[in-house]
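Here is coords.txt, consisting of compact mmCIF, C-alpha atoms:
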# COMPACT_ATOMS: atom_id res chain seq x y z
CA MET B 1 0.00 0.00 0.00
CA GLU B 2 3.06 2.22 -0.25
CA PHE B 3 1.67 4.31 -3.11
CA PHE B 4 -1.19 5.96 -1.28
CA PRO B 5 -0.41 9.18 0.59
CA PRO B 6 0.26 8.49 4.30
CA ALA B 7 -2.63 10.81 5.29
CA LEU B 8 -5.04 8.61 3.32
CA GLU B 9 -3.53 5.51 4.87
CA ARG B 10 -4.05 6.94 8.37
CA MET B 11 -7.67 7.84 7.64
CA THR B 12 -8.23 4.31 6.27
CA GLU B 13 -6.74 2.80 9.43
CA GLN B 14 -9.15 4.84 11.56
CA PHE B 15 -12.15 3.62 9.57
CA ALA B 16 -10.85 0.05 9.79
CA ARG B 17 -11.14 0.27 13.60
CA LEU B 18 -14.92 0.55 13.38
CA PRO B 19 -16.78 -2.67 14.22
CA GLY B 20 -17.66 -4.71 11.14
CA VAL B 21 -15.46 -2.60 8.85
CA GLY B 22 -12.60 -4.45 7.13
CA TYR B 23 -9.66 -2.89 5.32
CA LYS B 24 -11.34 -2.81 1.90
CA THR B 25 -14.48 -1.16 3.27
CA ALA B 26 -12.38 1.31 5.27
CA GLN B 27 -10.59 2.26 2.06
CA ARG B 28 -13.90 2.81 0.31
CA LEU B 29 -15.10 5.01 3.18
CA ALA B 30 -11.84 6.98 3.15
CA PHE B 31 -12.18 7.61 -0.60
CA PHE B 32 -15.75 8.70 0.00
CA MET B 33 -14.62 11.24 2.62
CA LEU B 34 -12.03 12.59 0.15
CA SER B 35 -14.79 13.06 -2.42
CA LEU B 36 -16.82 15.28 -0.06
CA PRO B 37 -16.37 19.06 0.16
CA VAL B 38 -14.14 20.00 3.09
CA GLU B 39 -17.08 21.62 4.96
CA GLU B 40 -18.94 18.32 5.00
CA VAL B 41 -15.92 16.48 6.39
CA GLU B 42 -15.75 19.18 9.07
CA ALA B 43 -19.46 18.71 9.84
CA PHE B 44 -18.94 14.94 10.19
CA SER B 45 -15.97 15.45 12.45
CA GLN B 46 -17.84 18.06 14.53
CA ALA B 47 -20.86 15.81 15.00
CA MET B 48 -18.62 13.04 16.37
CA LEU B 49 -16.70 15.32 18.73
CA HIS B 50 -19.82 17.13 19.93
CA ALA B 51 -21.63 13.87 20.68
CA LYS B 52 -18.63 12.41 22.47
CA ARG B 53 -18.13 15.58 24.55
CA THR B 54 -21.75 16.20 25.55
CA ILE B 55 -23.32 12.78 25.93
CA ALA B 56 -23.14 11.36 29.43
CA LEU B 57 -25.03 8.78 31.45
CA CYS B 58 -28.09 9.86 33.44
CA PRO B 59 -27.00 9.78 37.11
CA PHE B 60 -30.23 7.92 37.99
CA CYS B 61 -30.99 5.35 35.28
CA GLN B 62 -27.61 5.32 33.43
CA ASN B 63 -29.34 5.89 30.10
CA LEU B 64 -27.58 8.14 27.59
CA THR B 65 -28.41 11.82 27.98
CA GLU B 66 -27.01 15.18 27.01
CA GLY B 67 -25.35 17.16 29.79
CA ASP B 68 -24.98 16.35 33.48
CA GLY B 69 -28.58 16.34 34.71
CA PRO B 70 -31.15 13.54 34.73
CA CYS B 71 -32.37 12.18 31.38
CA PRO B 72 -35.76 13.35 30.03
CA ILE B 73 -37.48 10.20 31.34
CA CYS B 74 -36.11 10.48 34.89
CA ALA B 75 -36.89 14.22 34.88
CA ASP B 76 -40.50 13.60 33.82
CA LYS B 77 -42.68 14.01 36.93
CA LYS B 78 -45.59 12.23 35.23
CA ARG B 79 -43.74 8.89 35.07
CA ASP B 80 -44.42 6.29 37.77
CA GLU B 81 -41.60 6.54 40.32
CA ASN B 82 -42.34 3.17 41.87
CA VAL B 83 -41.55 0.89 38.93
CA ILE B 84 -38.13 0.32 37.38
CA CYS B 85 -37.67 -1.53 34.12
CA VAL B 86 -34.17 -3.02 33.85
CA VAL B 87 -32.69 -3.26 30.33
CA ALA B 88 -29.27 -4.20 28.99
CA ASP B 89 -28.89 -1.41 26.46
CA PRO B 90 -30.06 2.17 25.68
CA LYS B 91 -31.55 0.79 22.44
CA ASP B 92 -33.89 -1.36 24.53
CA VAL B 93 -35.27 1.79 26.18
CA ILE B 94 -36.19 3.09 22.71
CA ALA B 95 -37.90 -0.21 21.85
CA LEU B 96 -39.94 -0.22 25.07
CA GLU B 97 -40.87 3.45 24.78
CA ARG B 98 -42.15 2.76 21.28
CA SER B 99 -44.70 0.34 22.76
CA ARG B 100 -46.13 3.18 24.92
CA GLU B 101 -47.09 0.53 27.47
CA PHE B 102 -44.60 1.29 30.19
CA ARG B 103 -44.95 4.48 32.22
CA GLY B 104 -42.32 3.88 34.90
CA ARG B 105 -38.60 4.54 34.81
CA TYR B 106 -35.66 2.57 33.49
CA HIS B 107 -32.32 1.27 34.60
CA VAL B 108 -29.74 0.59 31.90
CA LEU B 109 -27.15 -2.08 32.81
CA HIS B 110 -24.96 -1.42 29.74
CA GLY B 111 -24.47 -5.10 29.05
CA VAL B 112 -25.31 -8.51 30.47
CA ILE B 113 -23.33 -10.92 32.59
CA SER B 114 -21.30 -12.98 30.13
CA PRO B 115 -18.44 -15.15 31.42
CA MET B 116 -17.55 -15.96 27.78
CA ASN B 117 -16.82 -12.28 27.12
CA HIS B 118 -15.32 -11.68 30.57
CA VAL B 119 -18.22 -9.47 31.66
CA GLY B 120 -19.01 -9.94 35.33
CA PRO B 121 -21.54 -8.19 37.61
CA ASP B 122 -18.98 -5.52 38.50
CA ASP B 123 -18.72 -4.45 34.86
CA LEU B 124 -22.42 -3.53 34.77
CA TYR B 125 -24.44 -0.77 36.47
CA ILE B 126 -25.79 -3.14 39.11
CA LYS B 127 -24.57 -1.33 42.21
CA SER B 128 -26.51 1.80 41.27
CA LEU B 129 -29.62 -0.33 40.70
CA ILE B 130 -29.36 -1.84 44.18
CA GLU B 131 -28.91 1.64 45.59
CA ARG B 132 -32.04 2.90 43.85
CA VAL B 133 -34.09 -0.06 45.11
CA SER B 134 -32.81 0.37 48.65
CA LYS B 135 -33.26 4.14 48.81
CA GLU B 136 -36.26 4.94 46.61
CA GLU B 137 -39.84 3.79 47.10
CA ILE B 138 -39.62 1.04 44.49
CA GLN B 139 -42.48 -1.49 44.40
CA GLU B 140 -41.67 -3.44 41.28
CA VAL B 141 -38.61 -4.16 39.17
CA ILE B 142 -39.34 -5.53 35.69
CA MET B 143 -36.51 -7.56 34.19
CA ALA B 144 -36.48 -6.71 30.49
CA THR B 145 -33.14 -8.18 29.48
CA ASN B 146 -33.14 -10.18 26.23
CA PRO B 147 -34.82 -13.63 26.33
CA ASP B 148 -31.52 -15.36 25.50
CA THR B 149 -29.16 -17.33 27.75
CA GLU B 150 -27.16 -14.36 29.00
CA GLY B 151 -30.19 -12.10 29.41
CA GLU B 152 -31.93 -14.89 31.36
CA ALA B 153 -28.93 -15.48 33.61
CA THR B 154 -28.54 -11.75 34.28
CA ALA B 155 -32.25 -11.45 35.15
CA MET B 156 -31.99 -14.43 37.51
CA TYR B 157 -28.89 -13.01 39.17
CA LEU B 158 -30.50 -9.59 39.72
CA SER B 159 -33.73 -11.14 40.91
CA ARG B 160 -31.88 -12.94 43.69
CA LEU B 161 -30.07 -9.73 44.65
CA LEU B 162 -33.22 -7.62 44.73
CA LYS B 163 -35.77 -9.87 46.43
CA PRO B 164 -34.27 -9.38 49.93
CA PHE B 165 -35.32 -5.71 49.65
CA GLY B 166 -38.96 -6.83 49.63
CA VAL B 167 -39.49 -5.61 46.09
CA ARG B 168 -41.62 -7.41 43.50
CA VAL B 169 -39.39 -8.70 40.70
CA THR B 170 -41.12 -9.60 37.42
CA ARG B 171 -40.00 -10.79 34.00
CA LEU B 172 -41.40 -9.96 30.55
CA ALA B 173 -43.89 -12.60 29.35
CA TYR B 174 -42.75 -15.24 26.88
CA GLY B 175 -44.95 -16.33 24.02
CA VAL B 176 -45.57 -16.23 20.32
CA PRO B 177 -44.84 -12.82 18.81
CA VAL B 178 -47.88 -10.81 17.69
CA GLY B 179 -48.33 -11.07 13.93
CA GLY B 180 -46.05 -14.12 13.75
CA HIS B 181 -46.80 -17.56 12.38
CA LEU B 182 -47.06 -20.60 14.63
CA GLU B 183 -45.30 -22.78 12.07
CA TYR B 184 -42.17 -20.62 12.35
CA ALA B 185 -42.15 -20.43 16.15
CA ASP B 186 -39.39 -22.48 17.76
CA ASP B 187 -40.14 -25.29 20.25
CA ALA B 188 -39.01 -23.38 23.33
CA THR B 189 -41.20 -20.39 22.49
CA LEU B 190 -44.25 -22.59 21.84
CA MET B 191 -43.64 -24.43 25.10
CA ARG B 192 -43.49 -21.12 27.00
CA ALA B 193 -46.57 -19.87 25.15
CA LEU B 194 -48.55 -22.93 26.20
CA GLU B 195 -47.31 -22.75 29.78
CA GLY B 196 -48.30 -19.10 29.99
CA ARG B 197 -51.74 -19.56 28.33
CA ARG B 198 -54.56 -17.36 29.66
CA GLU B 199 -58.38 -17.54 29.85
CA MET B 200 -60.18 -15.82 27.01
CA MET T 1 -36.13 7.92 17.96
CA GLU T 2 -37.08 10.77 20.24
CA PHE T 3 -35.43 9.25 23.30
CA PHE T 4 -31.83 9.40 22.15
CA PRO T 5 -29.95 12.63 22.82
CA PRO T 6 -29.99 14.89 19.72
CA ALA T 7 -26.16 14.88 19.60
CA LEU T 8 -26.21 11.09 19.23
CA GLU T 9 -28.88 11.36 16.58
CA ARG T 10 -26.78 13.86 14.61
CA MET T 11 -23.69 11.62 14.79
CA THR T 12 -25.80 8.67 13.62
CA GLU T 13 -27.08 10.69 10.66
CA GLN T 14 -23.52 11.50 9.65
CA PHE T 15 -22.52 7.84 9.73
CA ALA T 16 -25.66 6.96 7.76
CA ARG T 17 -24.39 9.13 4.89
CA LEU T 18 -21.44 6.80 4.30
CA PRO T 19 -21.84 4.50 1.30
CA GLY T 20 -23.22 1.08 2.24
CA VAL T 21 -24.11 2.17 5.78
CA GLY T 22 -27.81 1.99 6.70
CA TYR T 23 -29.46 3.53 9.75
CA LYS T 24 -28.98 0.50 12.01
CA THR T 25 -25.29 0.21 11.16
CA ALA T 26 -24.83 3.95 11.59
CA GLN T 27 -26.34 3.66 15.07
CA ARG T 28 -23.97 0.82 15.93
CA LEU T 29 -21.00 2.91 14.73
CA ALA T 30 -22.21 5.94 16.72
CA PHE T 31 -22.46 3.83 19.89
CA PHE T 32 -18.98 2.52 19.21
CA MET T 33 -17.62 6.07 18.97
CA LEU T 34 -19.30 6.92 22.28
CA SER T 35 -17.58 3.93 23.86
CA LEU T 36 -14.11 5.20 22.88
CA PRO T 37 -12.04 7.56 25.05
CA VAL T 38 -12.41 11.17 23.91
CA GLU T 39 -8.75 11.27 22.70
CA GLU T 40 -9.42 8.45 20.27
CA VAL T 41 -12.47 10.20 18.86
CA GLU T 42 -10.28 13.27 18.44
CA ALA T 43 -7.62 11.20 16.66
CA PHE T 44 -10.25 9.79 14.29
CA SER T 45 -11.59 13.23 13.57
CA GLN T 46 -8.09 14.65 13.06
CA ALA T 47 -7.11 11.87 10.65
CA MET T 48 -10.17 12.65 8.51
CA LEU T 49 -9.61 16.42 8.49
CA HIS T 50 -5.87 16.11 7.89
CA ALA T 51 -6.36 13.76 4.94
CA LYS T 52 -9.06 15.92 3.42
CA ARG T 53 -6.96 19.08 3.82
CA THR T 54 -3.62 17.75 2.55
CA ILE T 55 -4.46 15.22 -0.15
CA ALA T 56 -4.58 16.65 -3.65
CA LEU T 57 -4.26 15.33 -7.18
CA CYS T 58 -0.83 15.11 -8.79
CA PRO T 59 -0.74 17.90 -11.40
CA PHE T 60 0.72 15.44 -13.95
CA CYS T 61 -1.01 12.06 -13.55
CA GLN T 62 -4.00 13.09 -11.37
CA ASN T 63 -3.21 10.34 -8.85
CA LEU T 64 -3.73 11.13 -5.17
CA THR T 65 -0.74 12.73 -3.49
CA GLU T 66 0.06 14.79 -0.42
CA GLY T 67 0.74 18.48 -1.01
CA ASP T 68 0.92 20.46 -4.25
CA GLY T 69 3.90 18.86 -6.04
CA PRO T 70 4.06 15.82 -8.31
CA CYS T 71 3.27 12.39 -6.83
CA PRO T 72 6.19 10.07 -5.91
CA ILE T 73 5.82 8.14 -9.18
CA CYS T 74 5.88 11.23 -11.42
CA ALA T 75 8.78 12.64 -9.38
CA ASP T 76 10.79 9.42 -9.80
CA LYS T 77 13.45 10.08 -12.46
CA LYS T 78 14.06 6.35 -12.89
CA ARG T 79 10.59 5.70 -14.32
CA ASP T 80 10.14 5.52 -18.07
CA GLU T 81 8.86 8.91 -19.26
CA ASN T 82 7.70 7.62 -22.61
CA VAL T 83 4.95 5.25 -21.51
CA ILE T 84 1.67 6.20 -19.85
CA CYS T 85 -0.65 3.64 -18.33
CA VAL T 86 -4.24 4.93 -18.17
CA VAL T 87 -6.37 3.68 -15.26
CA ALA T 88 -9.82 4.57 -13.97
CA ASP T 89 -9.00 4.77 -10.28
CA PRO T 90 -6.11 5.39 -7.84
CA LYS T 91 -6.68 1.85 -6.52
CA ASP T 92 -5.75 0.50 -9.94
CA VAL T 93 -2.36 2.21 -9.68
CA ILE T 94 -1.74 0.26 -6.46
CA ALA T 95 -2.76 -3.01 -8.14
CA LEU T 96 -0.44 -2.44 -11.11
CA GLU T 97 2.46 -1.30 -8.92
CA ARG T 98 2.09 -4.52 -6.94
CA SER T 99 2.84 -6.51 -10.10
CA ARG T 100 6.20 -4.69 -10.44
CA GLU T 101 5.92 -5.16 -14.20
CA PHE T 102 5.24 -1.59 -15.26
CA ARG T 103 7.99 1.01 -15.02
CA GLY T 104 6.37 3.92 -16.81
CA ARG T 105 3.99 6.56 -15.47
CA TYR T 106 0.26 6.64 -14.95
CA HIS T 107 -2.74 8.73 -15.78
CA VAL T 108 -5.76 8.43 -13.51
CA LEU T 109 -9.10 9.23 -15.18
CA HIS T 110 -11.09 9.16 -11.89
CA GLY T 111 -13.92 7.18 -13.42
CA VAL T 112 -15.06 5.75 -16.74
CA ILE T 113 -17.50 7.00 -19.33
CA SER T 114 -20.89 5.81 -18.16
CA PRO T 115 -24.04 7.27 -19.75
CA MET T 116 -26.11 5.27 -17.24
CA ASN T 117 -24.52 7.21 -14.36
CA HIS T 118 -24.39 10.49 -16.29
CA VAL T 119 -20.59 10.42 -16.53
CA GLY T 120 -19.39 11.84 -19.82
CA PRO T 121 -15.84 12.46 -21.14
CA ASP T 122 -15.85 15.96 -19.65
CA ASP T 123 -16.30 14.54 -16.15
CA LEU T 124 -13.00 12.62 -16.40
CA TYR T 125 -9.35 13.74 -16.56
CA ILE T 126 -9.17 13.23 -20.31
CA LYS T 127 -8.17 16.74 -21.36
CA SER T 128 -5.01 16.57 -19.23
CA LEU T 129 -4.17 13.17 -20.79
CA ILE T 130 -4.45 14.60 -24.31
CA GLU T 131 -2.24 17.50 -23.23
CA ARG T 132 0.43 15.14 -21.89
CA VAL T 133 0.41 13.08 -25.08
CA SER T 134 0.62 16.19 -27.27
CA LYS T 135 3.35 17.93 -25.26
CA GLU T 136 5.51 15.14 -23.79
CA GLU T 137 7.54 12.58 -25.71
CA ILE T 138 5.03 9.77 -25.26
CA GLN T 139 5.53 6.64 -27.35
CA GLU T 140 2.93 4.32 -25.90
CA VAL T 141 -0.31 4.65 -23.98
CA ILE T 142 -1.51 1.46 -22.30
CA MET T 143 -5.26 1.33 -21.67
CA ALA T 144 -5.68 -0.37 -18.31
CA THR T 145 -9.32 0.39 -17.61
CA ASN T 146 -11.39 -2.53 -16.30
CA PRO T 147 -12.26 -5.27 -18.78
CA ASP T 148 -16.00 -4.57 -18.42
CA THR T 149 -18.41 -2.76 -20.76
CA GLU T 150 -17.71 0.75 -19.49
CA GLY T 151 -13.96 0.21 -19.19
CA GLU T 152 -13.91 -1.17 -22.75
CA ALA T 153 -15.93 1.74 -24.12
CA THR T 154 -13.71 4.28 -22.34
CA ALA T 155 -10.57 2.60 -23.70
CA MET T 156 -12.04 2.62 -27.23
CA TYR T 157 -13.02 6.28 -26.93
CA LEU T 158 -9.54 7.32 -25.72
CA SER T 159 -7.82 5.19 -28.32
CA ARG T 160 -9.62 7.06 -31.10
CA LEU T 161 -8.72 10.41 -29.49
CA LEU T 162 -5.04 9.54 -29.05
CA LYS T 163 -4.13 7.79 -32.31
CA PRO T 164 -4.07 11.04 -34.36
CA PHE T 165 -1.06 12.06 -32.22
CA GLY T 166 0.92 9.18 -33.73
CA VAL T 167 1.20 7.41 -30.38
CA ARG T 168 1.00 3.63 -29.98
CA VAL T 169 -2.17 2.74 -28.04
CA THR T 170 -2.30 -0.73 -26.45
CA ARG T 171 -4.74 -2.64 -24.25
CA LEU T 172 -4.06 -5.12 -21.42
CA ALA T 173 -4.18 -8.74 -22.65
CA TYR T 174 -7.32 -10.80 -22.04
CA GLY T 175 -7.12 -14.41 -20.99
CA VAL T 176 -7.57 -16.88 -18.20
CA PRO T 177 -6.37 -15.55 -14.84
CA VAL T 178 -3.16 -17.10 -13.50
CA GLY T 179 -3.96 -19.70 -10.84
CA GLY T 180 -7.58 -19.89 -11.99
CA HIS T 181 -9.53 -22.94 -13.14
CA LEU T 182 -10.67 -23.35 -16.73
CA GLU T 183 -13.98 -24.82 -15.62
CA TYR T 184 -14.88 -21.59 -13.85
CA ALA T 185 -13.79 -19.26 -16.65
CA ASP T 186 -16.69 -17.63 -18.50
CA ASP T 187 -17.25 -18.09 -22.23
CA ALA T 188 -16.11 -14.60 -23.21
CA THR T 189 -12.83 -14.97 -21.31
CA LEU T 190 -12.12 -18.38 -22.82
CA MET T 191 -12.88 -17.04 -26.29
CA ARG T 192 -10.44 -14.17 -25.77
CA ALA T 193 -7.84 -16.56 -24.29
CA LEU T 194 -8.06 -18.77 -27.42
CA GLU T 195 -7.95 -15.79 -29.77
CA GLY T 196 -4.87 -14.45 -28.03
CA ARG T 197 -3.05 -17.82 -27.80
CA ARG T 198 0.74 -17.70 -28.21
CA GLU T 199 3.50 -20.09 -29.34
CA MET T 200 5.16 -22.02 -26.57

Could I get this structure in the form of structure tokens?
Amino acid sequence: MEFFPPALERMTEQFARLPGVGYKTAQRLAFFMLSLPVEEVEAFSQAMLHAKRTIALCPFCQNLTEGDGPCPICADKKRDENVICVVADPKDVIALERSREFRGRYHVLHGVISPMNHVGPDDLYIKSLIERVSKEEIQEVIMATNPDTEGEATAMYLSRLLKPFGVRVTRLAYGVPVGGHLEYADDATLMRALEGRREM
Amino acid sequence: MEFFPPALERMTEQFARLPGVGYKTAQRLAFFMLSLPVEEVEAFSQAMLHAKRTIALCPFCQNLTEGDGPCPICADKKRDENVICVVADPKDVIALERSREFRGRYHVLHGVISPMNHVGPDDLYIKSLIERVSKEEIQEVIMATNPDTEGEATAMYLSRLLKPFGVRVTRLAYGVPVGGHLEYADDATLMRALEGRREM
């Protein structure tokens, strides 16, 4: 690669650091940046720096927010203060908010317990969750981690930690997805859907 | 998406402008940037701005180079001044240099004639090629555009433009790729390989 200018090489290397971007893709992205007017490259660069410099974690729920104060959800007096929904990721907050079903507050763990990836309880925002449950008037904690092995294990772990505080710990219902087809549902989901069947 | 901080949203939009990057991928890249230390985001941003601000086109061959002078290849006195190899893209220069076979100079068109994509001869660096051929002591111009329809048509077009200058215009040989398998070669390639067969 000795015939490309070093500055281009360095930009390519930076793009190649992005997750899921290999060297060839990074090169394509670098060429694309070169093809843009300089003001647009500056705008791109500014957007990255501004986001990185202003976005912090909400001191209450650990969700992403701009500035040092509480996030818009924690600051919203109309939300139910007595229910916390625990999720692994800020994206899960978006998904749950889209359903408009939940009116309580959140707690973002920023990951799940995963011995395979060397993520233990101390790497997650668990301590601050315990603190909230012990200090605030929390009645229910809904475990909304993913319904996969690690999400399950994390929910179980937290459930055992939280129950001694006399709080109700619940888990999202399992079942067939709305609008789905039974023939494509896997065995485990069907089993859980039958187990959890309700009177009509 | 109203629950993500606007700064994150703006960074995501910038990533989504990159070729081949959809909204979901852009979001993943934005989260990745947030997870980096601020110095690394600054380094990324600097690499982009520096490349954009310093990389220019070589005034002779139009290849990418740093600064205003000629590129390293055009500046190299040991290269053959009488042969120009015409390519569509700076990446093609790299590919040809890797073969170590060519010792002349290049001319980068920055594209091929493509009526489908509204690219005409005036959108490419063709005028500067004609100028070089008319002013310099050029004996041969090798057409090394891609062996596809548009590369072919561009080579044909340039060949007709250049021949009146009394210069020899050649085209890369067609044939089966070295290390390839005959059974996977397409009909057109095999036909060309037979046509171009040589004494052993």

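The point (-8.6, 10.8, 0.2) has these residues within 9 Å of it when all atoms listed in the file are used: Phe4, Pro5, Ala7, Leu8, Glu9, Met11, Thr12, Gln27, Ala30, Phe31, Phe32, Met33, Leu34 and Ser35 of chain B; Met48, Ala51, Lys52, Thr54, Ile55, Ala56, Leu64 and Thr65 of chain T.
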
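Picture a line from CA of Arg79 in chain B to CA of Arg103 in chain B; it runs 5.4 Å.
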
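Considering all atoms listed in the file, the residue among T:Ile142, T:Leu18, T:Ala43, T:Val108 positioned nearest to Leu57 in chain T is T:Val108.
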
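Each of T:Arg160, T:Lys77, T:His110, T:Arg168 was compared to chain B using all atoms listed in the file, and T:His110 turns out to be the nearest.
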
Show me, as a list in words, the residues that have an atom within 7 Å of range 84-92 of chain B when counting only C-alpha atoms, minus same-chain residues fewer than 5 positions from it.
Asn63, Leu64, Gly104, Arg105, Tyr106, His107, Val108, Leu109, His110, Gly111, Val112, Glu140, Val141, Ile142, Met143, Ala144 and Thr145 of chain B

With 4 Å on each side, where is the centre of the axis-aligned box around all listed atoms of range 100-114 of chain B, and how long are its edges in Å to one decimal, as JSON?
{"center_x": -34.2, "center_y": -4.2, "center_z": 29.9, "size_x": 33.8, "size_y": 25.5, "size_z": 18.0}

So which one's closest to Pro59 in chain T, T:Ala47, T:Ala26, T:Ala75, T:Val38? Using only C-alpha atoms, please.
T:Ala75

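Across the model, the gap from CA of Val119 in chain B to CA of Arg98 in chain B is 28.8 Å.
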
Using Å and a single decimal, report how far CA of Lys135 in chain B sits from CA of Pro72 in chain B.
21.1 Å

Using all atoms listed in the file, pick whichever of T:Arg100, T:Lys24, T:Arg192, T:His50 has the shortest atom-to-atom distance to chain B.
T:His50

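If you measure from each of T:Glu81, T:Asp186, T:Glu40, T:Asp122 to chain B using only C-alpha atoms, the closest one turns out to be T:Glu40.
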
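Between chain B and the residues T:Pro19, T:Gly180, T:Pro121, T:Gly196, the shortest atom-to-atom distance, using only C-alpha atoms, involves T:Pro19.
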
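Residues near the point (0.8, 9.3, -30.0), at a distance of 9 Å or less over only C-alpha atoms, make up T:Val133, T:Ser134, T:Glu137, T:Ile138, T:Gln139, T:Glu140, T:Val141, T:Leu162, T:Lys163, T:Pro164, T:Phe165, T:Gly166, T:Val167, T:Arg168, T:Val169.
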